[in-house]
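Enquirer: This one is upload-v3.cif, mmCIF, C-alpha atoms, pLDDT in the B column; chains and numbers go by the auth columns.
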```
data_start
#
loop_
_atom_site.group_PDB
_atom_site.id
_atom_site.type_symbol
_atom_site.label_atom_id
_atom_site.label_comp_id
_atom_site.label_asym_id
_atom_site.label_seq_id
_atom_site.Cartn_x
_atom_site.Cartn_y
_atom_site.Cartn_z
_atom_site.B_iso_or_equiv
_atom_site.auth_seq_id
_atom_site.auth_asym_id
ATOM 1 C CA MET A 1 -26.396 3.633 -21.077 67.00 1 W
ATOM 2 C CA SER A 2 -23.515 5.818 -20.024 77.00 2 W
ATOM 3 C CA ILE A 3 -23.587 9.428 -18.924 83.00 3 W
ATOM 4 C CA CYS A 4 -23.080 12.106 -21.525 88.00 4 W
ATOM 5 C CA PRO A 5 -21.078 15.129 -20.337 87.00 5 W
ATOM 6 C CA LYS A 6 -22.464 18.485 -21.421 92.00 6 W
ATOM 7 C CA ASN A 7 -19.085 20.241 -21.683 94.00 7 W
ATOM 8 C CA LYS A 8 -15.540 19.054 -22.242 93.00 8 W
ATOM 9 C CA SER A 9 -13.433 18.714 -19.087 91.00 9 W
ATOM 10 C CA SER A 10 -10.167 20.590 -19.393 94.00 10 W
ATOM 11 C CA LYS A 11 -6.832 18.820 -18.865 95.00 11 W
ATOM 12 C CA ALA A 12 -6.242 20.783 -15.670 95.00 12 W
ATOM 13 C CA ARG A 13 -9.613 19.805 -14.210 92.00 13 W
ATOM 14 C CA ARG A 14 -9.122 16.171 -15.181 90.00 14 W
ATOM 15 C CA ASP A 15 -5.603 16.044 -13.739 92.00 15 W
ATOM 16 C CA LYS A 16 -6.696 17.633 -10.451 91.00 16 W
ATOM 17 C CA ARG A 17 -8.811 14.532 -9.800 88.00 17 W
ATOM 18 C CA ARG A 18 -5.815 12.291 -10.425 87.00 18 W
ATOM 19 C CA ALA A 19 -3.443 14.293 -8.203 86.00 19 W
ATOM 20 C CA ASN A 20 -4.245 12.181 -5.118 84.00 20 W
ATOM 21 C CA TRP A 21 -3.356 8.841 -6.733 84.00 21 W
ATOM 22 C CA LYS A 22 0.255 8.991 -5.559 82.00 22 W
ATOM 23 C CA MET A 23 1.714 6.027 -3.736 82.00 23 W
ATOM 24 C CA GLY A 24 2.453 6.313 -0.035 86.00 24 W
ATOM 25 C CA ALA A 25 5.378 4.931 1.920 88.00 25 W
ATOM 26 C CA THR A 26 5.075 1.372 3.170 88.00 26 W
ATOM 27 C CA ASN A 27 4.119 0.897 6.801 94.00 27 W
ATOM 28 C CA LEU A 28 6.838 -0.919 8.762 96.00 28 W
ATOM 29 C CA VAL A 29 6.652 -2.394 12.270 96.00 29 W
ATOM 30 C CA LYS A 30 9.241 -3.992 14.554 96.00 30 W
ATOM 31 C CA CYS A 31 9.408 -7.771 14.728 94.00 31 W
ATOM 32 C CA SER A 32 8.401 -9.067 18.170 92.00 32 W
ATOM 33 C CA GLN A 33 11.228 -11.637 18.170 90.00 33 W
ATOM 34 C CA CYS A 34 14.294 -9.954 16.665 92.00 34 W
ATOM 35 C CA GLY A 35 13.280 -6.285 16.443 93.00 35 W
ATOM 36 C CA ALA A 36 13.950 -5.962 12.704 95.00 36 W
ATOM 37 C CA LEU A 37 11.664 -3.776 10.589 96.00 37 W
ATOM 38 C CA MET A 38 9.085 -5.769 8.634 95.00 38 W
ATOM 39 C CA MET A 39 5.728 -5.341 6.943 95.00 39 W
ATOM 40 C CA PRO A 40 2.781 -6.011 9.280 95.00 40 W
ATOM 41 C CA HIS A 41 0.932 -9.365 9.099 95.00 41 W
ATOM 42 C CA ARG A 42 3.813 -11.081 7.296 95.00 42 W
ATOM 43 C CA VAL A 43 6.561 -13.509 8.246 96.00 43 W
ATOM 44 C CA CYS A 44 9.769 -11.743 9.302 95.00 44 W
ATOM 45 C CA LYS A 45 12.505 -12.170 6.684 93.00 45 W
ATOM 46 C CA SER A 46 15.362 -12.030 9.166 93.00 46 W
ATOM 47 C CA CYS A 47 14.181 -14.557 11.798 93.00 47 W
ATOM 48 C CA GLY A 48 11.258 -16.364 10.076 94.00 48 W
ATOM 49 C CA SER A 49 8.753 -15.809 12.886 95.00 49 W
ATOM 50 C CA TYR A 50 5.147 -14.654 12.862 94.00 50 W
ATOM 51 C CA ASN A 51 3.042 -13.892 15.952 92.00 51 W
ATOM 52 C CA LYS A 52 5.926 -14.934 18.251 88.00 52 W
ATOM 53 C CA LYS A 53 6.114 -18.412 16.641 91.00 53 W
ATOM 54 C CA GLU A 54 8.799 -19.706 14.292 91.00 54 W
ATOM 55 C CA ILE A 55 7.169 -20.386 10.944 91.00 55 W
ATOM 56 C CA VAL A 56 10.120 -20.640 8.537 92.00 56 W
ATOM 57 C CA ALA A 57 13.569 -21.927 9.425 91.00 57 W
ATOM 58 C CA VAL A 58 16.124 -19.257 8.452 85.00 58 W
ATOM 59 C CA ASP A 59 19.832 -20.037 8.258 76.00 59 W
#
```
Before anything else, please render the file you have as structure tokens.
Expert:
Amino acid sequence: MSICPKNKSSKARRDKRRANWKMGATNLVKCSQCGALMMPHRVCKSCGSYNKKEIVAVD
């Protein structure tokens, strides 16, 4: 059984709840090998290293 609201929620009240759903900026960190900006906990796209070890060979 679902809840049954007693009164209708206005559009303004409904949209106030959804106001905080905006997307934030991505968090970037410096690569420990080359110093390029990259997403944390991912292989660096410029040098192919992760946790100071080469994972992917990049040309």
Enquirer: Just to confirm, what's the straight-line distance from CA of Ile55 in chain W to CA of Val43 in chain W in Å (one decimal)?
Expert: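 Going from CA of Ile55 in chain W over to CA of Val43 in chain W covers 7.4 Å.
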Enquirer: Do you know which residues the PyMOL selection byres ((chain W and resi 33) around 8) returns on this file, as an MDAnalysis selection string?
Expert: chainID W and resid 31:32 34:35 47 49 52
Enquirer: Hey, can you spit out that residue selection with C-alpha atoms as an mmCIF file, in the coordinates of the input?
Expert:
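Wrote it out as result20.cif, contents follow:
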```cif
data_model
loop_
_atom_site.group_PDB
_atom_site.id
_atom_site.type_symbol
_atom_site.label_atom_id
_atom_site.label_comp_id
_atom_site.auth_asym_id
_atom_site.auth_seq_id
_atom_site.Cartn_x
_atom_site.Cartn_y
_atom_site.Cartn_z
ATOM 1 C CA CYS W 31 9.408 -7.771 14.728
ATOM 2 C CA SER W 32 8.401 -9.067 18.170
ATOM 3 C CA CYS W 34 14.294 -9.954 16.665
ATOM 4 C CA GLY W 35 13.280 -6.285 16.443
ATOM 5 C CA CYS W 47 14.181 -14.557 11.798
ATOM 6 C CA SER W 49 8.753 -15.809 12.886
ATOM 7 C CA LYS W 52 5.926 -14.934 18.251
#
```
Enquirer: For the file shown, report as JSON, numbers by chain the outcome of the PyMOL selection byres ((chain W and resi 41) around 10) at residue level.
Expert: {"W": [29, 38, 39, 40, 42, 43, 44, 50, 51]}
Enquirer: In Å, how far is it from CA of Lys53 in chain W to CA of Lys30 in chain W?
Expert: 14.9 Å
